[in-house]
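Raw contents of protein.tsv, TSV, C-alpha atoms:
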```tsv
chain	number	residue	atom	x	y	z
A	1364	PHE	CA	0.00	0.00	0.00
A	1365	ILE	CA	2.77	2.45	0.93
A	1366	VAL	CA	4.67	1.72	-2.30
A	1367	THR	CA	1.52	2.24	-4.36
A	1368	ARG	CA	0.81	5.47	-2.54
A	1369	ILE	CA	4.32	6.77	-3.22
A	1370	LYS	CA	3.99	5.87	-6.90
A	1371	ASN	CA	0.71	7.73	-7.16
A	1372	LEU	CA	2.18	10.81	-5.48
A	1373	LEU	CA	5.14	10.74	-7.87
A	1374	LEU	CA	2.81	10.44	-10.86
A	1375	ILE	CA	0.75	13.39	-9.59
A	1376	GLN	CA	3.90	15.47	-9.12
A	1377	MET	CA	5.10	14.60	-12.61
A	1378	LYS	CA	1.70	15.48	-14.04
A	1379	ASN	CA	1.62	18.77	-12.15
A	1380	LYS	CA	5.15	19.54	-13.31
A	1381	LYS	CA	4.10	18.98	-16.93
A	1382	ILE	CA	1.09	21.24	-16.45
A	1383	LEU	CA	3.24	23.94	-14.89
A	1384	THR	CA	5.81	23.61	-17.67
A	1385	THR	CA	3.12	23.85	-20.33
A	1386	PHE	CA	1.59	26.85	-18.59
A	1387	ALA	CA	5.01	28.55	-18.37
A	1388	VAL	CA	5.61	27.94	-22.08
A	1389	LEU	CA	2.20	29.39	-22.94
A	1390	ILE	CA	2.85	32.45	-20.77
A	1391	SER	CA	6.21	32.92	-22.48
A	1392	LEU	CA	4.62	32.66	-25.94
A	1393	VAL	CA	1.96	35.19	-24.98
A	1394	GLY	CA	4.66	37.50	-23.66
A	1395	VAL	CA	6.69	37.22	-26.84
A	1396	PHE	CA	3.56	37.89	-28.91
A	1397	LEU	CA	2.66	40.98	-26.88
A	1398	LEU	CA	6.21	42.32	-27.14
A	1399	SER	CA	6.12	41.72	-30.90
A	1400	LEU	CA	2.62	43.14	-31.39
A	1401	PRO	CA	3.66	46.78	-32.05
A	1402	THR	CA	6.11	45.58	-34.72
A	1403	ILE	CA	3.54	43.23	-36.24
A	1404	LEU	CA	0.95	46.01	-36.49
A	1405	HIS	CA	3.53	48.47	-37.84
A	1406	LYS	CA	4.67	46.01	-40.51
A	1407	SER	CA	1.03	45.40	-41.42
A	1408	GLY	CA	0.60	49.10	-42.21
A	1409	LEU	CA	-0.28	50.84	-38.95
A	1410	HIS	CA	1.49	54.19	-38.63
A	1411	PRO	CA	3.97	53.77	-41.49
A	1412	GLU	CA	7.20	55.72	-41.49
A	1413	TYR	CA	7.46	58.74	-43.76
A	1414	MET	CA	10.15	58.08	-46.36
A	1415	GLY	CA	9.81	61.23	-48.49
A	1416	SER	CA	11.66	64.52	-48.48
A	1417	SER	CA	11.31	67.12	-45.74
A	1418	VAL	CA	11.53	70.91	-45.79
A	1419	ASN	CA	12.12	73.69	-43.28
A	1420	LEU	CA	9.76	76.64	-43.05
A	1421	PRO	CA	11.08	79.01	-40.37
A	1422	GLY	CA	8.83	81.98	-39.83
A	1423	LYS	CA	5.71	80.11	-40.95
A	1424	ARG	CA	2.82	79.24	-38.65
A	1425	ALA	CA	0.59	76.18	-38.40
A	1426	LEU	CA	-2.64	75.56	-36.53
A	1427	VAL	CA	-3.78	72.10	-35.41
A	1428	ILE	CA	-7.53	71.90	-34.68
A	1429	THR	CA	-9.16	69.07	-32.72
A	1430	THR	CA	-12.47	67.92	-31.31
A	1431	SER	CA	-13.70	68.84	-27.84
A	1432	HIS	CA	-16.02	65.82	-27.55
A	1433	ALA	CA	-14.89	63.25	-25.00
A	1434	VAL	CA	-17.52	60.47	-24.93
A	1435	LEU	CA	-18.14	57.69	-27.46
A	1436	SER	CA	-21.88	57.61	-26.89
A	1437	LYS	CA	-24.67	55.91	-28.80
A	1438	PRO	CA	-27.66	57.92	-30.11
A	1439	GLY	CA	-29.83	59.11	-27.25
A	1440	GLU	CA	-27.21	58.25	-24.64
A	1441	ALA	CA	-24.88	60.56	-22.71
A	1442	SER	CA	-22.46	57.95	-21.41
A	1443	GLY	CA	-19.92	55.72	-23.08
A	1444	LYS	CA	-16.22	55.01	-23.39
A	1445	PRO	CA	-13.89	58.01	-23.18
A	1446	THR	CA	-12.71	59.26	-26.55
A	1447	GLY	CA	-11.49	62.45	-28.20
A	1448	VAL	CA	-8.78	63.13	-30.74
A	1449	PHE	CA	-6.70	60.10	-31.71
A	1450	ALA	CA	-3.26	61.00	-30.35
A	1451	SER	CA	-1.15	60.38	-33.47
A	1452	GLU	CA	-3.50	62.47	-35.59
A	1453	MET	CA	-2.46	65.42	-33.44
A	1454	THR	CA	1.12	64.55	-32.48
A	1455	HIS	CA	2.30	63.60	-35.98
A	1456	PRO	CA	1.44	66.93	-37.61
A	1457	TYR	CA	2.38	68.91	-34.50
A	1458	TYR	CA	5.94	67.61	-34.39
A	1459	THR	CA	6.33	67.56	-38.17
A	1460	PHE	CA	5.52	71.27	-38.30
A	1461	LEU	CA	7.53	72.06	-35.17
A	1462	ASP	CA	10.63	70.21	-36.38
A	1463	GLY	CA	10.30	72.03	-39.69
A	1464	GLY	CA	10.85	75.35	-37.95
A	1465	MET	CA	7.20	76.39	-37.82
A	1466	GLU	CA	5.38	77.94	-34.89
A	1467	VAL	CA	2.49	75.65	-33.97
A	1468	ASP	CA	-0.71	76.45	-32.09
A	1469	ILE	CA	-3.45	74.04	-30.99
A	1470	ALA	CA	-7.15	74.89	-31.05
A	1471	SER	CA	-10.32	72.93	-30.35
A	1472	ILE	CA	-14.02	73.45	-30.86
A	1473	GLN	CA	-14.68	74.65	-27.30
A	1474	GLY	CA	-11.16	75.54	-26.21
A	1475	GLY	CA	-9.52	74.64	-22.93
A	1476	GLU	CA	-8.33	71.12	-22.20
A	1477	LEU	CA	-9.03	68.94	-25.19
A	1478	PRO	CA	-9.70	65.20	-24.82
A	1479	ILE	CA	-7.27	62.60	-26.16
A	1480	ASP	CA	-8.57	59.09	-26.74
A	1481	PRO	CA	-6.85	56.97	-24.04
A	1482	GLU	CA	-6.78	53.95	-26.36
A	1483	SER	CA	-4.47	55.81	-28.71
A	1484	PHE	CA	-1.74	55.59	-26.04
A	1485	PHE	CA	-1.98	51.79	-25.72
A	1486	PHE	CA	1.47	50.24	-26.13
A	1487	MET	CA	0.63	48.42	-29.38
A	1488	VAL	CA	-0.43	51.59	-31.22
A	1489	LYS	CA	1.55	54.33	-29.46
A	1490	THR	CA	3.99	56.08	-31.80
A	1491	PRO	CA	7.34	57.78	-31.09
A	1492	GLU	CA	5.58	61.14	-31.52
A	1493	ASP	CA	3.00	60.11	-28.92
A	1494	GLU	CA	5.79	59.20	-26.52
A	1495	ARG	CA	7.46	62.51	-27.26
A	1496	TYR	CA	4.23	64.32	-26.40
A	1497	LEU	CA	3.94	62.46	-23.09
A	1498	ASN	CA	7.34	63.90	-22.13
A	1499	ASP	CA	6.76	67.40	-23.55
A	1500	PRO	CA	5.37	69.90	-21.01
A	1501	ILE	CA	5.11	72.64	-23.64
A	1502	ALA	CA	2.88	70.58	-25.92
A	1503	GLN	CA	0.87	69.36	-22.94
A	1504	ALA	CA	0.27	72.96	-21.86
A	1505	LYS	CA	-1.06	73.77	-25.34
A	1506	VAL	CA	-3.41	70.79	-25.14
A	1507	LYS	CA	-4.61	71.81	-21.69
A	1508	ASN	CA	-5.19	75.39	-22.82
A	1509	SER	CA	-6.25	74.98	-26.44
A	1510	ILE	CA	-7.62	78.04	-28.24
A	1511	PRO	CA	-11.42	78.10	-28.72
A	1512	ILE	CA	-12.12	77.93	-32.44
A	1513	GLU	CA	-14.21	81.11	-32.27
A	1514	ALA	CA	-11.17	83.01	-30.93
A	1515	VAL	CA	-8.78	81.84	-33.66
A	1516	ASP	CA	-7.44	84.43	-36.10
A	1517	VAL	CA	-7.04	82.20	-39.15
A	1518	ASN	CA	-5.33	84.99	-41.06
A	1519	GLN	CA	-2.16	84.30	-39.04
A	1520	TYR	CA	-1.60	80.77	-40.33
A	1521	ASP	CA	0.08	79.23	-43.37
A	1522	ILE	CA	-1.17	75.70	-42.65
A	1523	ILE	CA	-4.40	74.62	-40.99
A	1524	PHE	CA	-4.60	70.95	-40.02
A	1525	ILE	CA	-7.80	69.39	-38.62
A	1526	SER	CA	-7.22	66.21	-36.63
A	1527	GLY	CA	-9.61	63.29	-36.33
A	1528	GLY	CA	-10.54	60.65	-33.78
A	1529	TRP	CA	-13.98	59.39	-32.82
A	1530	GLY	CA	-14.79	62.58	-30.93
A	1531	ALA	CA	-14.60	64.53	-34.18
A	1532	ALA	CA	-17.71	62.73	-35.42
A	1533	TYR	CA	-19.73	64.58	-32.78
A	1534	ASP	CA	-18.68	68.20	-33.14
A	1535	LEU	CA	-16.61	69.12	-36.22
A	1536	ALA	CA	-19.33	69.07	-38.88
A	1537	GLN	CA	-21.78	70.37	-36.27
A	1538	SER	CA	-19.75	73.53	-35.56
A	1539	PRO	CA	-20.88	76.62	-37.49
A	1540	ALA	CA	-17.86	78.47	-36.10
A	1541	LEU	CA	-15.44	75.95	-37.60
A	1542	ALA	CA	-17.17	76.10	-40.98
A	1543	ILE	CA	-16.83	79.88	-40.96
A	1544	LYS	CA	-13.15	79.71	-39.97
A	1545	VAL	CA	-12.40	77.27	-42.80
A	1546	SER	CA	-14.08	79.63	-45.28
A	1547	GLU	CA	-12.24	82.63	-43.86
A	1548	SER	CA	-8.90	80.85	-44.05
A	1549	TYR	CA	-9.50	79.85	-47.65
A	1550	TYR	CA	-9.90	83.50	-48.63
A	1551	SER	CA	-7.26	84.94	-46.31
A	1552	ASP	CA	-4.21	86.73	-47.74
A	1553	LYS	CA	-1.85	83.91	-46.78
A	1554	GLU	CA	-3.91	81.41	-48.79
A	1555	PRO	CA	-3.06	78.64	-46.32
A	1556	ILE	CA	-2.92	74.95	-47.11
A	1557	ILE	CA	-5.98	73.45	-45.41
A	1558	GLY	CA	-6.26	69.82	-44.43
A	1559	GLY	CA	-8.05	67.18	-42.45
A	1560	VAL	CA	-7.10	63.62	-41.54
A	1561	CYS	CA	-9.47	60.72	-40.86
A	1562	HIS	CA	-12.59	62.15	-39.12
A	1563	GLY	CA	-10.94	65.58	-39.25
A	1564	VAL	CA	-12.25	66.07	-42.79
A	1565	LEU	CA	-15.70	66.51	-41.24
A	1566	GLY	CA	-14.53	69.99	-40.33
A	1567	LEU	CA	-14.51	70.86	-44.04
A	1568	VAL	CA	-17.91	69.65	-45.17
A	1569	ASN	CA	-19.98	72.75	-44.30
A	1570	ALA	CA	-17.55	75.51	-45.31
A	1571	ARG	CA	-18.88	77.69	-48.11
A	1572	ASN	CA	-17.37	79.87	-50.82
A	1573	ASN	CA	-18.24	83.50	-51.54
A	1574	GLU	CA	-21.15	82.40	-53.72
A	1575	GLY	CA	-22.67	80.40	-50.86
A	1576	ASN	CA	-21.84	77.00	-52.35
A	1577	LEU	CA	-20.04	74.24	-50.51
A	1578	LEU	CA	-16.33	75.01	-50.68
A	1579	ILE	CA	-15.15	71.45	-51.20
A	1580	ALA	CA	-17.69	70.41	-53.85
A	1581	GLY	CA	-15.99	68.97	-56.92
A	1582	ARG	CA	-12.60	68.52	-55.25
A	1583	ARG	CA	-10.68	65.28	-54.84
A	1584	MET	CA	-10.49	64.28	-51.17
A	1585	THR	CA	-10.16	61.35	-48.83
A	1586	GLY	CA	-11.06	60.49	-45.26
A	1587	VAL	CA	-11.74	57.43	-43.15
A	1588	THR	CA	-13.77	54.96	-45.18
A	1589	ASP	CA	-17.19	53.58	-44.36
A	1590	LYS	CA	-15.50	50.17	-44.68
A	1591	GLN	CA	-13.08	50.93	-41.83
A	1592	ILE	CA	-15.86	52.23	-39.61
A	1593	SER	CA	-17.88	49.08	-40.30
A	1594	GLU	CA	-14.88	46.83	-39.64
A	1595	LEU	CA	-14.30	48.53	-36.29
A	1596	GLY	CA	-17.98	48.13	-35.39
A	1597	ILE	CA	-18.53	51.75	-34.42
A	1598	GLU	CA	-21.21	52.79	-36.88
A	1599	PHE	CA	-23.40	54.56	-34.33
A	1600	THR	CA	-21.40	57.82	-34.42
A	1601	PRO	CA	-23.41	60.69	-35.92
A	1602	LYS	CA	-21.16	61.51	-38.89
A	1603	HIS	CA	-19.10	59.27	-41.18
A	1604	PRO	CA	-16.41	61.02	-43.25
A	1605	GLU	CA	-16.75	59.12	-46.53
A	1606	THR	CA	-20.52	59.49	-46.46
A	1607	GLU	CA	-20.40	63.22	-45.61
A	1608	LEU	CA	-17.70	64.01	-48.17
A	1609	ARG	CA	-19.71	62.33	-50.91
A	1610	LYS	CA	-22.81	64.28	-49.81
A	1611	ALA	CA	-20.78	67.48	-50.14
A	1612	GLY	CA	-19.98	66.65	-53.76
A	1613	VAL	CA	-16.40	65.48	-53.28
A	1614	THR	CA	-14.69	63.02	-55.61
A	1615	PHE	CA	-13.77	60.50	-52.93
A	1616	GLU	CA	-10.48	58.59	-53.09
A	1617	SER	CA	-9.02	56.00	-50.73
A	1618	GLY	CA	-6.65	53.11	-50.35
A	1619	THR	CA	-7.72	49.72	-49.05
A	1620	ALA	CA	-6.30	46.67	-47.29
A	1621	PHE	CA	-7.61	43.41	-45.82
A	1622	LEU	CA	-8.65	45.73	-43.00
A	1623	ASP	CA	-8.76	49.44	-43.81
A	1624	ILE	CA	-7.16	50.30	-40.48
A	1625	PHE	CA	-3.93	49.18	-42.19
A	1626	ALA	CA	-4.54	51.23	-45.37
A	1627	THR	CA	-3.43	54.80	-46.03
A	1628	HIS	CA	-3.92	57.46	-48.68
A	1629	VAL	CA	-3.21	61.17	-49.06
A	1630	THR	CA	-5.02	63.34	-51.59
A	1631	VAL	CA	-4.14	66.84	-52.84
A	1632	ASP	CA	-6.88	68.71	-54.68
A	1633	ASP	CA	-6.12	70.10	-58.13
A	1634	GLN	CA	-5.86	73.66	-56.79
A	1635	GLN	CA	-3.37	72.49	-54.12
A	1636	ARG	CA	-5.29	74.24	-51.37
A	1637	PHE	CA	-6.65	71.13	-49.63
A	1638	VAL	CA	-4.68	68.10	-48.47
A	1639	THR	CA	-6.58	65.24	-46.87
A	1640	GLY	CA	-5.50	61.97	-45.23
A	1641	GLN	CA	-7.49	58.76	-45.09
A	1642	ASN	CA	-6.95	57.68	-41.51
A	1643	GLN	CA	-4.60	57.49	-38.52
A	1644	ASN	CA	-1.84	56.16	-40.79
A	1645	SER	CA	-1.84	59.22	-43.03
A	1646	GLY	CA	-0.91	62.08	-40.70
A	1647	LEU	CA	2.86	62.07	-41.22
A	1648	GLU	CA	2.75	61.99	-45.01
A	1649	MET	CA	-0.05	64.51	-45.04
A	1650	ALA	CA	1.80	67.02	-42.84
A	1651	HIS	CA	4.98	66.72	-44.93
A	1652	THR	CA	2.93	67.10	-48.12
A	1653	MET	CA	1.36	70.31	-46.85
A	1654	MET	CA	4.77	71.72	-45.98
A	1655	GLY	CA	6.15	70.69	-49.36
A	1656	ILE	CA	3.39	72.52	-51.23
A	1657	LEU	CA	3.94	75.63	-49.11
A	1658	ASP	CA	7.71	75.47	-49.68
A	1659	LYS	CA	7.33	75.25	-53.48
A	1660	ARG	CA	4.85	78.10	-53.49
A	1661	ASN	CA	7.23	80.35	-51.57
```
Mind turning the file's structure into structure tokens?
Amino acid sequence: FIVTRIKNLLLIQMKNKKILTTFAVLISLVGVFLLSLPTILHKSGLHPEYMGSSVNLPGKRALVITTSHAVLSKPGEASGKPTGVFASEMTHPYYTFLDGGMEVDIASIQGGELPIDPESFFFMVKTPEDERYLNDPIAQAKVKNSIPIEAVDVNQYDIIFISGGWGAAYDLAQSPALAIKVSESYYSDKEPIIGGVCHGVLGLVNARNNEGNLLIAGRRMTGVTDKQISELGIEFTPKHPETELRKAGVTFESGTAFLDIFATHVTVDDQQRFVTGQNQNSGLEMAHTMMGILDKRN
């Protein structure tokens, strides 16, 4: 009996050891996968590096405009996940302009502290520019004290960049003040390059020309696709960029991938006054493109 009991205990220990070893291997594999996830996503197309030429524009000024809406709520509801501007859609243009010698201001629909989608700082999607922002007290102060859009003097800027994020679906197209500022900037003496990335293009859809017609009608533009919104399962937001751009009479362009979150596309209208980016992957190229157009013009 004692011998049998000892054998059984040894078998149980061996079995437990195998289970623990298997569990340790699985934990290690999960750890390796998580550590590799940012690289996997990057190689798949998320936040691609900008490989084109860069220019310096000392003495020029840029304005980055964002949403003030902070809740991803469903129709008729006031609560939901926190949201706002997607970090890279603000940090990529901000640091591109800043590193190019430009003075950069940040504005939002309501002014004051603007919301940044917390998910955009998750380790698997966080970019070097996002990390730079998190260690930049000057940029953080601008975000905490953003200029209300109504108080912006658009005549001071050479580039106007409207950032996206889910929050933008709730207040960019709905802001009469923003529509007026876009129209004013288009006709200002500096003739700035105007742009929007992802949901940021919603800030362009209601701007009008001097004849009272929609300013962007007939132009080639891009923005986040209805396909990407459907793939992400967040179709309850009030405005969808592709849909609204088409309603405004835009010739819509876009790239595609097995999932559009890994696609990217930048469009310059024929007049070279509007530069638009498809989604969160397009901000770097878009910002450099805007600076390149301004450099050639000057």
Distance of CA of Ser1483 (chain A) from CA of His1410 (chain A), expressed in Å to one decimal place:
11.7 Å
Quick one: pull the distance between CA of Ile1522 (chain A) and CA of Gly1618 (chain A), Å, one decimal.
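Straight-line distance from CA of Ile1522 (chain A) to CA of Gly1618 (chain A) works out to 24.5 Å.
Residues surrounding Lys1507 (chain A) within 12 Å are Ser1431, Ile1469, Ala1470, Ser1471, Gln1473, Gly1474, Gly1475, Glu1476, Leu1477, Pro1478, Ile1479, Pro1500, Ile1501 and Ala1502 of chain A [all atoms listed in the file; sequence separation below 5 positions excluded].
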Given only C-alpha atoms as the basis, pick out the residue of A:Thr1490, A:Thr1600, A:Ser1509, A:Asn1661 nearest to Pro1555 (chain A).
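Closest to Pro1555 (chain A) of all the choices is A:Asn1661.
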Of the candidates A:Arg1424, A:Lys1444, A:Arg1583, A:His1455, which one gets nearest to Val1467 (chain A) if we count only C-alpha atoms?
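Smallest separation from Val1467 (chain A) among the options: A:Arg1424.
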Measuring between only C-alpha atoms, which one of A:Glu1440, A:Asp1521, A:Glu1452, A:Glu1513 shows the shortest distance to His1562 (chain A)?
A:Glu1452
What lies within 12 Å of Gln1634 (chain A) using all atoms listed in the file, ignoring chain neighbours under 2 positions off, as JSON, numbers by chain?
{"A": [1549, 1554, 1555, 1556, 1557, 1579, 1581, 1582, 1583, 1584, 1630, 1631, 1632, 1636, 1637, 1638, 1656]}
Counting all atoms listed in the file, which residues have an atom no more than 6 Å from (-12.8, 57.8, -25.3) in the file's coordinates? Please list them as a list of chain:residue names.
A:Ala1433, A:Val1434, A:Leu1435, A:Lys1444, A:Pro1445, A:Thr1446, A:Gly1447, A:Asp1480
May I have the residues from that selection written out with C-alpha atoms, as a compact mmCIF listing (two decimals), in the coordinates of the input?
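Output file selection-v9.txt is given in full below:
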```
# COMPACT_ATOMS: atom_id res chain seq x y z
CA ALA A 1433 -14.89 63.25 -25.00
CA VAL A 1434 -17.52 60.47 -24.93
CA LEU A 1435 -18.14 57.69 -27.46
CA LYS A 1444 -16.22 55.01 -23.39
CA PRO A 1445 -13.89 58.01 -23.18
CA THR A 1446 -12.71 59.26 -26.55
CA GLY A 1447 -11.49 62.45 -28.20
CA ASP A 1480 -8.57 59.09 -26.74
```
How many Å lie between CA of Trp1529 (chain A) and CA of Glu1648 (chain A), rounded to one decimal?
20.9 Å
Would you list the contacts of Pro1421 (chain A) as JSON, numbers by chain, taking every protein, DNA or RNA residue within 12 Å and counting only C-alpha atoms, but skipping same-chain residues closer than 2 positions in sequence?
{"A": [1418, 1419, 1423, 1424, 1425, 1460, 1461, 1462, 1463, 1464, 1465, 1466, 1467, 1521, 1654, 1657, 1658, 1661]}
Give me the residues within 7 Å of Thr1429 (chain A) as a list in words, counting all atoms listed in the file and dropping any in the same chain fewer than 4 places off.
Val1448, Ala1470, Ser1471, Ile1472, Ile1525, Ser1526 and Gly1527 of chain A
Give the answer as one residue: which of A:Tyr1520, A:Tyr1458, A:Tyr1533, A:Phe1625 has the shortest atom-to-atom distance to Pro1491 (chain A), using only C-alpha atoms?
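Among A:Tyr1520, A:Tyr1458, A:Tyr1533, A:Phe1625, it is A:Tyr1458 that comes nearest to Pro1491 (chain A).
Among A:Thr1614, A:Asn1518, A:Asp1534, A:Ala1540, the residue with the shortest atom-to-atom distance to Asp1552 (chain A), counting all atoms listed in the file, is A:Asn1518.
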Pick from A:Ser1442, A:Thr1585, A:Thr1606, A:Asn1498 nearest to His1628 (chain A), counting all atoms listed in the file:
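Between A:Ser1442, A:Thr1585, A:Thr1606, A:Asn1498, the residue approaching His1628 (chain A) most closely is A:Thr1585.
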Counting only C-alpha atoms, find the residues whose atoms lie at most 12 Å from (-15.6, 68.3, -42.5) (file coordinates) and write them out as a PDB file with C-alpha atoms, keeping the file's coordinate frame.
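New file part_9.pdb:
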```pdb
ATOM      1  CA  ILE A1428      -7.530  71.900 -34.680  1.00  0.00           C
ATOM      2  CA  THR A1429      -9.160  69.070 -32.720  1.00  0.00           C
ATOM      3  CA  THR A1430     -12.470  67.920 -31.310  1.00  0.00           C
ATOM      4  CA  PHE A1524      -4.600  70.950 -40.020  1.00  0.00           C
ATOM      5  CA  ILE A1525      -7.800  69.390 -38.620  1.00  0.00           C
ATOM      6  CA  SER A1526      -7.220  66.210 -36.630  1.00  0.00           C
ATOM      7  CA  GLY A1527      -9.610  63.290 -36.330  1.00  0.00           C
ATOM      8  CA  ALA A1531     -14.600  64.530 -34.180  1.00  0.00           C
ATOM      9  CA  ALA A1532     -17.710  62.730 -35.420  1.00  0.00           C
ATOM     10  CA  TYR A1533     -19.730  64.580 -32.780  1.00  0.00           C
ATOM     11  CA  ASP A1534     -18.680  68.200 -33.140  1.00  0.00           C
ATOM     12  CA  LEU A1535     -16.610  69.120 -36.220  1.00  0.00           C
ATOM     13  CA  ALA A1536     -19.330  69.070 -38.880  1.00  0.00           C
ATOM     14  CA  GLN A1537     -21.780  70.370 -36.270  1.00  0.00           C
ATOM     15  CA  SER A1538     -19.750  73.530 -35.560  1.00  0.00           C
ATOM     16  CA  PRO A1539     -20.880  76.620 -37.490  1.00  0.00           C
ATOM     17  CA  LEU A1541     -15.440  75.950 -37.600  1.00  0.00           C
ATOM     18  CA  ALA A1542     -17.170  76.100 -40.980  1.00  0.00           C
ATOM     19  CA  ILE A1543     -16.830  79.880 -40.960  1.00  0.00           C
ATOM     20  CA  LYS A1544     -13.150  79.710 -39.970  1.00  0.00           C
ATOM     21  CA  VAL A1545     -12.400  77.270 -42.800  1.00  0.00           C
ATOM     22  CA  SER A1546     -14.080  79.630 -45.280  1.00  0.00           C
ATOM     23  CA  ILE A1557      -5.980  73.450 -45.410  1.00  0.00           C
ATOM     24  CA  GLY A1558      -6.260  69.820 -44.430  1.00  0.00           C
ATOM     25  CA  GLY A1559      -8.050  67.180 -42.450  1.00  0.00           C
ATOM     26  CA  VAL A1560      -7.100  63.620 -41.540  1.00  0.00           C
ATOM     27  CA  CYS A1561      -9.470  60.720 -40.860  1.00  0.00           C
ATOM     28  CA  HIS A1562     -12.590  62.150 -39.120  1.00  0.00           C
ATOM     29  CA  GLY A1563     -10.940  65.580 -39.250  1.00  0.00           C
ATOM     30  CA  VAL A1564     -12.250  66.070 -42.790  1.00  0.00           C
ATOM     31  CA  LEU A1565     -15.700  66.510 -41.240  1.00  0.00           C
ATOM     32  CA  GLY A1566     -14.530  69.990 -40.330  1.00  0.00           C
ATOM     33  CA  LEU A1567     -14.510  70.860 -44.040  1.00  0.00           C
ATOM     34  CA  VAL A1568     -17.910  69.650 -45.170  1.00  0.00           C
ATOM     35  CA  ASN A1569     -19.980  72.750 -44.300  1.00  0.00           C
ATOM     36  CA  ALA A1570     -17.550  75.510 -45.310  1.00  0.00           C
ATOM     37  CA  ARG A1571     -18.880  77.690 -48.110  1.00  0.00           C
ATOM     38  CA  LEU A1577     -20.040  74.240 -50.510  1.00  0.00           C
ATOM     39  CA  LEU A1578     -16.330  75.010 -50.680  1.00  0.00           C
ATOM     40  CA  ILE A1579     -15.150  71.450 -51.200  1.00  0.00           C
ATOM     41  CA  ALA A1580     -17.690  70.410 -53.850  1.00  0.00           C
ATOM     42  CA  MET A1584     -10.490  64.280 -51.170  1.00  0.00           C
ATOM     43  CA  THR A1585     -10.160  61.350 -48.830  1.00  0.00           C
ATOM     44  CA  GLY A1586     -11.060  60.490 -45.260  1.00  0.00           C
ATOM     45  CA  VAL A1587     -11.740  57.430 -43.150  1.00  0.00           C
ATOM     46  CA  LYS A1602     -21.160  61.510 -38.890  1.00  0.00           C
ATOM     47  CA  HIS A1603     -19.100  59.270 -41.180  1.00  0.00           C
ATOM     48  CA  PRO A1604     -16.410  61.020 -43.250  1.00  0.00           C
ATOM     49  CA  GLU A1605     -16.750  59.120 -46.530  1.00  0.00           C
ATOM     50  CA  THR A1606     -20.520  59.490 -46.460  1.00  0.00           C
ATOM     51  CA  GLU A1607     -20.400  63.220 -45.610  1.00  0.00           C
ATOM     52  CA  LEU A1608     -17.700  64.010 -48.170  1.00  0.00           C
ATOM     53  CA  ARG A1609     -19.710  62.330 -50.910  1.00  0.00           C
ATOM     54  CA  LYS A1610     -22.810  64.280 -49.810  1.00  0.00           C
ATOM     55  CA  ALA A1611     -20.780  67.480 -50.140  1.00  0.00           C
ATOM     56  CA  VAL A1613     -16.400  65.480 -53.280  1.00  0.00           C
ATOM     57  CA  PHE A1637      -6.650  71.130 -49.630  1.00  0.00           C
ATOM     58  CA  THR A1639      -6.580  65.240 -46.870  1.00  0.00           C
TER      59      THR A1639
END
```
Could you rebuild region 1525-1536 of chain A with N, CA and C atoms and give me the result as a compact mmCIF listing (two decimals), keeping the file's coordinate frame?
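Output (selection31.txt):
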```
# COMPACT_ATOMS: atom_id res chain seq x y z
N ILE A 1525 -6.71 69.83 -39.50
CA ILE A 1525 -7.80 69.39 -38.62
C ILE A 1525 -7.63 67.90 -38.33
N SER A 1526 -7.44 67.59 -37.06
CA SER A 1526 -7.22 66.21 -36.63
C SER A 1526 -8.53 65.46 -36.47
N GLY A 1527 -8.41 64.12 -36.45
CA GLY A 1527 -9.61 63.29 -36.33
C GLY A 1527 -9.72 62.61 -34.98
N GLY A 1528 -10.19 61.37 -35.00
CA GLY A 1528 -10.54 60.65 -33.78
C GLY A 1528 -12.05 60.54 -33.70
N TRP A 1529 -12.54 59.61 -32.89
CA TRP A 1529 -13.98 59.39 -32.82
C TRP A 1529 -14.73 60.62 -32.31
N GLY A 1530 -14.11 61.39 -31.44
CA GLY A 1530 -14.79 62.58 -30.93
C GLY A 1530 -15.17 63.56 -32.02
N ALA A 1531 -14.36 63.59 -33.07
CA ALA A 1531 -14.60 64.53 -34.18
C ALA A 1531 -15.92 64.27 -34.88
N ALA A 1532 -16.44 63.05 -34.78
CA ALA A 1532 -17.71 62.73 -35.42
C ALA A 1532 -18.88 63.46 -34.77
N TYR A 1533 -18.66 63.97 -33.55
CA TYR A 1533 -19.73 64.58 -32.78
C TYR A 1533 -19.77 66.11 -32.84
N ASP A 1534 -18.64 66.74 -33.24
CA ASP A 1534 -18.68 68.20 -33.14
C ASP A 1534 -18.00 68.99 -34.27
N LEU A 1535 -17.27 68.34 -35.17
CA LEU A 1535 -16.61 69.12 -36.22
C LEU A 1535 -17.60 69.61 -37.28
N ALA A 1536 -18.34 68.68 -37.87
CA ALA A 1536 -19.33 69.07 -38.88
C ALA A 1536 -20.47 69.86 -38.27
```
